[in-house]
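my_file-v8.pdb follows (PDB, C-alpha atoms, pLDDT in the B column):
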```pdb
ATOM      1  CA  MET A1411       0.000   0.000   0.000  1.00 57.00           C
ATOM      2  CA  ARG A1412       2.884   2.348   0.808  1.00 53.00           C
ATOM      3  CA  ILE A1413       4.329   1.746  -2.665  1.00 57.00           C
ATOM      4  CA  PHE A1414       1.008   2.653  -4.259  1.00 51.00           C
ATOM      5  CA  LYS A1415       0.787   5.871  -2.272  1.00 55.00           C
ATOM      6  CA  MET A1416       4.328   6.728  -3.353  1.00 50.00           C
ATOM      7  CA  PHE A1417       3.445   6.124  -7.020  1.00 50.00           C
ATOM      8  CA  SER A1418       0.243   8.131  -6.688  1.00 55.00           C
ATOM      9  CA  MET A1419       2.068  11.051  -5.138  1.00 50.00           C
ATOM     10  CA  CYS A1420       4.807  10.943  -7.805  1.00 46.00           C
ATOM     11  CA  ILE A1421       2.278  10.921 -10.609  1.00 55.00           C
ATOM     12  CA  LEU A1422       0.274  13.696  -9.005  1.00 51.00           C
ATOM     13  CA  MET A1423       3.402  15.825  -8.538  1.00 51.00           C
ATOM     14  CA  ILE A1424       4.428  15.248 -12.153  1.00 54.00           C
ATOM     15  CA  ILE A1425       1.005  16.274 -13.355  1.00 54.00           C
ATOM     16  CA  LEU A1426       0.846  19.316 -11.115  1.00 48.00           C
ATOM     17  CA  LEU A1427       4.309  20.468 -12.148  1.00 48.00           C
ATOM     18  CA  ASN A1428       3.326  19.947 -15.765  1.00 51.00           C
ATOM     19  CA  ALA A1429       0.247  22.084 -15.186  1.00 49.00           C
ATOM     20  CA  CYS A1430       2.436  25.000 -14.122  1.00 49.00           C
ATOM     21  CA  SER A1431       4.114  25.129 -17.498  1.00 45.00           C
ATOM     22  CA  LEU A1432       3.434  28.095 -19.745  1.00 43.00           C
ATOM     23  CA  GLU A1433       3.759  25.916 -22.826  1.00 45.00           C
ATOM     24  CA  THR A1434       0.308  24.823 -23.982  1.00 43.00           C
ATOM     25  CA  THR A1435       0.853  23.289 -27.391  1.00 46.00           C
ATOM     26  CA  LYS A1436       0.109  19.663 -28.158  1.00 47.00           C
ATOM     27  CA  THR A1437       2.667  17.596 -29.920  1.00 57.00           C
ATOM     28  CA  LYS A1438       1.791  15.328 -32.773  1.00 84.00           C
ATOM     29  CA  SER A1439       0.584  11.883 -31.931  1.00 92.00           C
ATOM     30  CA  LYS A1440       3.124   9.109 -31.675  1.00 92.00           C
ATOM     31  CA  ILE A1441       3.211   5.402 -31.065  1.00 95.00           C
ATOM     32  CA  LEU A1442       4.355   4.640 -27.543  1.00 89.00           C
ATOM     33  CA  GLU A1443       6.322   1.510 -26.719  1.00 92.00           C
ATOM     34  CA  ILE A1444       6.534   0.197 -23.172  1.00 93.00           C
ATOM     35  CA  PRO A1445      10.222  -0.023 -22.226  1.00 91.00           C
ATOM     36  CA  ASN A1446      11.873  -3.267 -21.083  1.00 90.00           C
ATOM     37  CA  GLU A1447       8.747  -5.239 -21.944  1.00 91.00           C
ATOM     38  CA  ASP A1448      10.510  -8.596 -21.685  1.00 93.00           C
ATOM     39  CA  GLU A1449      11.914  -7.882 -18.194  1.00 95.00           C
ATOM     40  CA  TYR A1450       8.708  -7.440 -16.189  1.00 96.00           C
ATOM     41  CA  THR A1451       7.792 -10.227 -13.766  1.00 97.00           C
ATOM     42  CA  THR A1452       5.132  -8.499 -11.675  1.00 97.00           C
ATOM     43  CA  LEU A1453       1.992  -6.552 -12.472  1.00 97.00           C
ATOM     44  CA  LEU A1454       0.240  -4.687  -9.662  1.00 97.00           C
ATOM     45  CA  VAL A1455      -3.357  -3.725 -10.375  1.00 97.00           C
ATOM     46  CA  GLN A1456      -4.808  -1.132  -8.017  1.00 96.00           C
ATOM     47  CA  GLY A1457      -8.390   0.057  -8.222  1.00 95.00           C
ATOM     48  CA  VAL A1458     -10.220   2.816  -6.410  1.00 90.00           C
ATOM     49  CA  ASP A1459     -13.337   1.979  -4.369  1.00 86.00           C
ATOM     50  CA  GLU A1460     -16.596   3.917  -3.975  1.00 86.00           C
ATOM     51  CA  ASP A1461     -15.070   5.913  -1.095  1.00 87.00           C
ATOM     52  CA  GLU A1462     -12.264   7.023  -3.447  1.00 87.00           C
ATOM     53  CA  VAL A1463      -9.780   4.942  -1.463  1.00 87.00           C
ATOM     54  CA  THR A1464      -7.335   2.244  -2.477  1.00 89.00           C
ATOM     55  CA  SER A1465      -7.089  -0.818  -0.293  1.00 89.00           C
ATOM     56  CA  GLN A1466      -6.131  -4.483  -0.193  1.00 89.00           C
ATOM     57  CA  SER A1467      -9.623  -5.340  -1.476  1.00 91.00           C
ATOM     58  CA  THR A1468      -9.004  -3.245  -4.603  1.00 93.00           C
ATOM     59  CA  SER A1469      -5.507  -4.559  -5.223  1.00 95.00           C
ATOM     60  CA  LYS A1470      -4.118  -7.581  -7.032  1.00 97.00           C
ATOM     61  CA  VAL A1471      -0.542  -8.697  -7.725  1.00 97.00           C
ATOM     62  CA  ILE A1472      -0.052 -10.788 -10.856  1.00 97.00           C
ATOM     63  CA  THR A1473       3.125 -12.805 -11.359  1.00 97.00           C
ATOM     64  CA  ASP A1474       1.990 -15.096 -14.190  1.00 97.00           C
ATOM     65  CA  ILE A1475       4.341 -14.176 -17.052  1.00 97.00           C
ATOM     66  CA  ASN A1476       1.746 -15.071 -19.708  1.00 97.00           C
ATOM     67  CA  GLU A1477      -0.832 -12.735 -18.154  1.00 97.00           C
ATOM     68  CA  ILE A1478       1.769  -9.966 -17.899  1.00 97.00           C
ATOM     69  CA  LEU A1479       2.749 -10.415 -21.553  1.00 97.00           C
ATOM     70  CA  ASP A1480      -0.939 -10.414 -22.567  1.00 97.00           C
ATOM     71  CA  PHE A1481      -1.404  -7.158 -20.650  1.00 97.00           C
ATOM     72  CA  ILE A1482       1.593  -5.569 -22.369  1.00 97.00           C
ATOM     73  CA  GLU A1483       0.386  -6.751 -25.774  1.00 96.00           C
ATOM     74  CA  LYS A1484      -3.018  -5.073 -25.212  1.00 95.00           C
ATOM     75  CA  VAL A1485      -1.594  -1.645 -24.368  1.00 95.00           C
ATOM     76  CA  ASN A1486       1.792  -1.536 -26.076  1.00 95.00           C
ATOM     77  CA  LYS A1487       2.308   0.541 -29.209  1.00 95.00           C
ATOM     78  CA  MET A1488      -0.776   2.610 -28.557  1.00 95.00           C
ATOM     79  CA  GLU A1489      -1.161   5.960 -30.277  1.00 96.00           C
ATOM     80  CA  VAL A1490      -0.661   8.749 -27.730  1.00 96.00           C
ATOM     81  CA  VAL A1491      -0.455  12.517 -27.556  1.00 95.00           C
ATOM     82  CA  GLN A1492       1.220  14.836 -25.114  1.00 91.00           C
ATOM     83  CA  PRO A1493      -1.798  16.568 -23.579  1.00 91.00           C
ATOM     84  CA  LEU A1494      -2.240  20.225 -22.893  1.00 89.00           C
ATOM     85  CA  ASN A1495      -1.328  21.152 -19.338  1.00 85.00           C
ATOM     86  CA  LYS A1496      -4.958  21.973 -18.564  1.00 90.00           C
ATOM     87  CA  GLU A1497      -6.078  18.510 -19.701  1.00 89.00           C
ATOM     88  CA  LEU A1498      -3.318  16.851 -17.668  1.00 86.00           C
ATOM     89  CA  LEU A1499      -4.397  18.778 -14.570  1.00 87.00           C
ATOM     90  CA  GLU A1500      -8.027  17.740 -15.087  1.00 90.00           C
ATOM     91  CA  LYS A1501      -6.975  14.092 -15.408  1.00 91.00           C
ATOM     92  CA  SER A1502      -4.881  14.324 -12.239  1.00 86.00           C
ATOM     93  CA  LYS A1503      -8.003  15.336 -10.308  1.00 89.00           C
ATOM     94  CA  GLU A1504      -9.663  12.098 -11.464  1.00 90.00           C
ATOM     95  CA  LEU A1505      -6.918   9.710 -10.318  1.00 90.00           C
ATOM     96  CA  ASN A1506      -8.639   8.705  -7.079  1.00 90.00           C
ATOM     97  CA  LYS A1507     -12.172   8.329  -8.445  1.00 92.00           C
ATOM     98  CA  LYS A1508     -14.041   5.031  -8.501  1.00 91.00           C
ATOM     99  CA  GLY A1509     -13.606   3.160 -11.771  1.00 90.00           C
ATOM    100  CA  ASN A1510     -10.018   4.262 -12.349  1.00 93.00           C
ATOM    101  CA  TYR A1511      -7.108   1.826 -12.184  1.00 96.00           C
ATOM    102  CA  PHE A1512      -3.340   1.917 -11.793  1.00 95.00           C
ATOM    103  CA  PHE A1513      -1.374  -0.837 -13.525  1.00 97.00           C
ATOM    104  CA  VAL A1514       2.240  -1.004 -12.378  1.00 96.00           C
ATOM    105  CA  LEU A1515       4.735  -3.227 -14.190  1.00 96.00           C
ATOM    106  CA  SER A1516       7.919  -4.146 -12.355  1.00 96.00           C
ATOM    107  CA  ASP A1517      10.858  -6.488 -12.667  1.00 95.00           C
ATOM    108  CA  LYS A1518      10.599  -7.260  -8.918  1.00 93.00           C
ATOM    109  CA  GLU A1519       7.680  -7.958  -6.629  1.00 91.00           C
ATOM    110  CA  THR A1520       9.098  -5.355  -4.220  1.00 90.00           C
ATOM    111  CA  MET A1521       8.747  -2.760  -7.005  1.00 90.00           C
ATOM    112  CA  ASP A1522      12.023  -1.101  -6.114  1.00 90.00           C
ATOM    113  CA  ASN A1523      13.871  -1.365  -9.425  1.00 89.00           C
ATOM    114  CA  LYS A1524      12.355  -1.057 -12.921  1.00 90.00           C
ATOM    115  CA  VAL A1525       8.808   0.231 -12.649  1.00 92.00           C
ATOM    116  CA  TYR A1526       6.409   1.440 -15.321  1.00 94.00           C
ATOM    117  CA  THR A1527       2.993   2.864 -14.413  1.00 94.00           C
ATOM    118  CA  ILE A1528      -0.077   3.114 -16.633  1.00 96.00           C
ATOM    119  CA  ASN A1529      -3.294   4.778 -15.451  1.00 96.00           C
ATOM    120  CA  PHE A1530      -6.677   3.764 -16.864  1.00 96.00           C
ATOM    121  CA  PHE A1531      -9.535   6.227 -16.449  1.00 95.00           C
ATOM    122  CA  SER A1532     -13.191   5.251 -16.430  1.00 91.00           C
ATOM    123  CA  ASP A1533     -13.798   7.411 -19.514  1.00 93.00           C
ATOM    124  CA  GLY A1534     -11.473   5.159 -21.554  1.00 94.00           C
ATOM    125  CA  ARG A1535      -8.401   7.390 -21.619  1.00 95.00           C
ATOM    126  CA  ILE A1536      -5.076   5.840 -20.690  1.00 96.00           C
ATOM    127  CA  MET A1537      -2.125   7.786 -19.255  1.00 95.00           C
ATOM    128  CA  PHE A1538       1.441   6.641 -19.891  1.00 93.00           C
ATOM    129  CA  GLN A1539       4.824   7.861 -18.665  1.00 86.00           C
ATOM    130  CA  GLU A1540       7.503   8.772 -21.163  1.00 81.00           C
ATOM    131  CA  PRO A1541       8.932   5.318 -21.929  1.00 74.00           C
ATOM    132  CA  ASN A1542      12.576   6.299 -22.254  1.00 66.00           C
ATOM    133  CA  GLY A1543      12.785   8.354 -19.102  1.00 62.00           C
ATOM    134  CA  LYS A1544      12.805  11.590 -21.077  1.00 61.00           C
ATOM    135  CA  LYS A1545      12.104  14.601 -18.987  1.00 61.00           C
ATOM    136  CA  GLN A1546      11.001  18.056 -19.804  1.00 58.00           C
ATOM    137  CA  GLU A1547      11.926  21.213 -17.994  1.00 54.00           C
ATOM    138  CA  THR A1548       9.076  23.232 -16.605  1.00 52.00           C
ATOM    139  CA  ASN A1549       9.749  26.413 -14.677  1.00 50.00           C
ATOM    140  CA  GLY A1550      13.251  25.224 -13.823  1.00 54.00           C
ATOM    141  CA  ALA A1551      12.150  21.760 -12.649  1.00 53.00           C
ATOM    142  CA  GLU A1552      12.531  18.521 -14.560  1.00 56.00           C
ATOM    143  CA  GLN A1553       9.761  15.938 -14.630  1.00 59.00           C
ATOM    144  CA  LYS A1554       8.875  12.872 -16.646  1.00 70.00           C
ATOM    145  CA  MET A1555       6.702  13.620 -19.599  1.00 83.00           C
ATOM    146  CA  MET A1556       3.226  12.119 -19.588  1.00 90.00           C
ATOM    147  CA  TYR A1557       1.087  11.011 -22.522  1.00 94.00           C
ATOM    148  CA  LEU A1558      -2.600  10.256 -22.942  1.00 95.00           C
ATOM    149  CA  SER A1559      -4.029   7.779 -25.391  1.00 96.00           C
ATOM    150  CA  LYS A1560      -5.211   9.603 -28.470  1.00 95.00           C
ATOM    151  CA  GLU A1561      -8.524   7.737 -28.416  1.00 95.00           C
ATOM    152  CA  LYS A1562     -10.739   6.525 -25.589  1.00 95.00           C
ATOM    153  CA  HIS A1563     -10.329   2.765 -25.100  1.00 95.00           C
ATOM    154  CA  THR A1564     -13.163   1.670 -22.800  1.00 91.00           C
ATOM    155  CA  ASP A1565     -13.078  -1.788 -24.365  1.00 95.00           C
ATOM    156  CA  VAL A1566      -9.399  -2.309 -23.453  1.00 95.00           C
ATOM    157  CA  LEU A1567     -10.032  -1.853 -19.730  1.00 93.00           C
ATOM    158  CA  LEU A1568     -12.984  -4.272 -19.847  1.00 94.00           C
ATOM    159  CA  GLU A1569     -10.873  -6.839 -21.733  1.00 96.00           C
ATOM    160  CA  LEU A1570      -8.032  -6.488 -19.232  1.00 95.00           C
ATOM    161  CA  LYS A1571     -10.347  -6.861 -16.257  1.00 95.00           C
ATOM    162  CA  GLU A1572     -11.689 -10.091 -17.764  1.00 96.00           C
ATOM    163  CA  LEU A1573      -8.255 -11.358 -18.828  1.00 95.00           C
ATOM    164  CA  LEU A1574      -6.725 -10.715 -15.393  1.00 96.00           C
ATOM    165  CA  ASN A1575      -9.843 -11.718 -13.437  1.00 95.00           C
ATOM    166  CA  ILE A1576     -10.232  -8.283 -11.816  1.00 95.00           C
ATOM    167  CA  LYS A1577     -13.498  -8.094  -9.845  1.00 92.00           C
ATOM    168  CA  PHE A1578     -13.094  -4.722  -8.178  1.00 90.00           C
TER     169      PHE A1578
END
```
Would you give me this structure, written as structure tokens?
Amino acid sequence: MRIFKMFSMCILMIILLNACSLETTKTKSKILEIPNEDEYTTLLVQGVDEDEVTSQSTSKVITDINEILDFIEKVNKMEVVQPLNKELLEKSKELNKKGNYFFVLSDKETMDNKVYTINFFSDGRIMFQEPNGKKQETNGAEQKMMYLSKEKHTDVLLELKELLNIKF
């Protein structure tokens, strides 16, 4: 649970720092590739309950390599855009709402080495980190760039919940 809170806070800080930027132009869409896709051995799925809280009952750790590879195959090479700062700020306010999910890939169950986080929103949008660790400077501070799926993919989340047997 502490790891999830740390990830949530990091993502929120990245989004908030991004929102402070004066630059408001969208970049062209691009195809995003999840880094180190063959090195992940753990997938943490964290949901948000009706009280807008994450808990053990809305959490699942998956270590089945085939399920992890199926997950990566469903979301890898998705078309994404770098959102406007206003849109990123709006999405950050939704992170802890019921129906949203955090999927965290890691090469260790302790999640203290290679980690890649993907956020799924109930409206079908998916938020990705910059896959190559690229950072952008905003008001003198560096932060990881974030991308949103170009399209809404409500079907992908439903497929993943069925594939991974997610009931929360």
In Å to one decimal, how far is atom CA of Thr1527 of chain A from atom CA of Leu1515 of chain A? 6.3 Å
Residue IDs satisfying the PyMOL selection byres ((chain A and resi 1462-1469) around 8), as a PDB file with C-alpha atoms, in the coordinates of the input:
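selection-v4.pdb was written with the following content:
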```pdb
ATOM      1  CA  MET A1411       0.000   0.000   0.000  1.00 57.00           C
ATOM      2  CA  LEU A1454       0.240  -4.687  -9.662  1.00 97.00           C
ATOM      3  CA  VAL A1455      -3.357  -3.725 -10.375  1.00 97.00           C
ATOM      4  CA  GLN A1456      -4.808  -1.132  -8.017  1.00 96.00           C
ATOM      5  CA  GLY A1457      -8.390   0.057  -8.222  1.00 95.00           C
ATOM      6  CA  VAL A1458     -10.220   2.816  -6.410  1.00 90.00           C
ATOM      7  CA  ASP A1459     -13.337   1.979  -4.369  1.00 86.00           C
ATOM      8  CA  GLU A1460     -16.596   3.917  -3.975  1.00 86.00           C
ATOM      9  CA  ASP A1461     -15.070   5.913  -1.095  1.00 87.00           C
ATOM     10  CA  LYS A1470      -4.118  -7.581  -7.032  1.00 97.00           C
ATOM     11  CA  VAL A1471      -0.542  -8.697  -7.725  1.00 97.00           C
ATOM     12  CA  ASN A1506      -8.639   8.705  -7.079  1.00 90.00           C
ATOM     13  CA  LYS A1507     -12.172   8.329  -8.445  1.00 92.00           C
ATOM     14  CA  LYS A1508     -14.041   5.031  -8.501  1.00 91.00           C
ATOM     15  CA  PHE A1578     -13.094  -4.722  -8.178  1.00 90.00           C
TER      16      PHE A1578
END
```
Residues matched by the PyMOL selection byres ((chain A and resi 1526) around 7) as a list in words: Val1514, Leu1515, Ser1516, Lys1524, Val1525, Thr1527 and Ile1528 of chain A
Can you write just those residues out, C-alpha atoms, as a PDB file, in the coordinates of the input?
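Generated output (out23.pdb):
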```pdb
ATOM      1  CA  VAL A1514       2.240  -1.004 -12.378  1.00 96.00           C
ATOM      2  CA  LEU A1515       4.735  -3.227 -14.190  1.00 96.00           C
ATOM      3  CA  SER A1516       7.919  -4.146 -12.355  1.00 96.00           C
ATOM      4  CA  LYS A1524      12.355  -1.057 -12.921  1.00 90.00           C
ATOM      5  CA  VAL A1525       8.808   0.231 -12.649  1.00 92.00           C
ATOM      6  CA  THR A1527       2.993   2.864 -14.413  1.00 94.00           C
ATOM      7  CA  ILE A1528      -0.077   3.114 -16.633  1.00 96.00           C
TER       8      ILE A1528
END
```
Give me the result of the PyMOL selection byres ((chain A and resi 1447) around 9) on this file, residue by residue, as a list of chain:residue names.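 This file gives the following for the PyMOL selection byres ((chain A and resi 1447) around 9): A:Glu1443, A:Ile1444, A:Pro1445, A:Asn1446, A:Asp1448, A:Glu1449, A:Tyr1450, A:Leu1479, A:Ile1482, A:Asn1486, A:Leu1515.
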Rounded to one decimal place, report the atom CA of Thr1564 of chain A-atom CA of Met1488 of chain A distance in Å.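 Interatomic distance here is 13.7 Å.
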Nearest residue to Lys1501 of chain A out of A:Leu1567, A:Leu1442, A:Met1556, A:Leu1573, using all atoms listed in the file?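 Among the listed residues, A:Met1556 lies closest to Lys1501 of chain A.
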Write out as an MDAnalysis selection string which residues come within 12 Å of Glu1477 of chain A when counting only C-alpha atoms, dropping same-chain ones fewer than 3 positions away. chainID A and resid 1450:1454 1471:1474 1480:1484 1515 1570:1575
Just need the box for segment 1468-1481 of chain A, edges along x, y and z, holding every atom the file lists for it with 5 Å tacked onto each side, so centre and edge lengths in Å to one decimal, as JSON.
```
{"center_x": -2.3, "center_y": -9.2, "center_z": -13.6, "size_x": 23.3, "size_y": 21.9, "size_z": 28.0}
```
Could you work out how far atom CA of Phe1513 of chain A lies from atom CA of Ser1532 of chain A, giving the answer in Å with one decimal? 13.6 Å
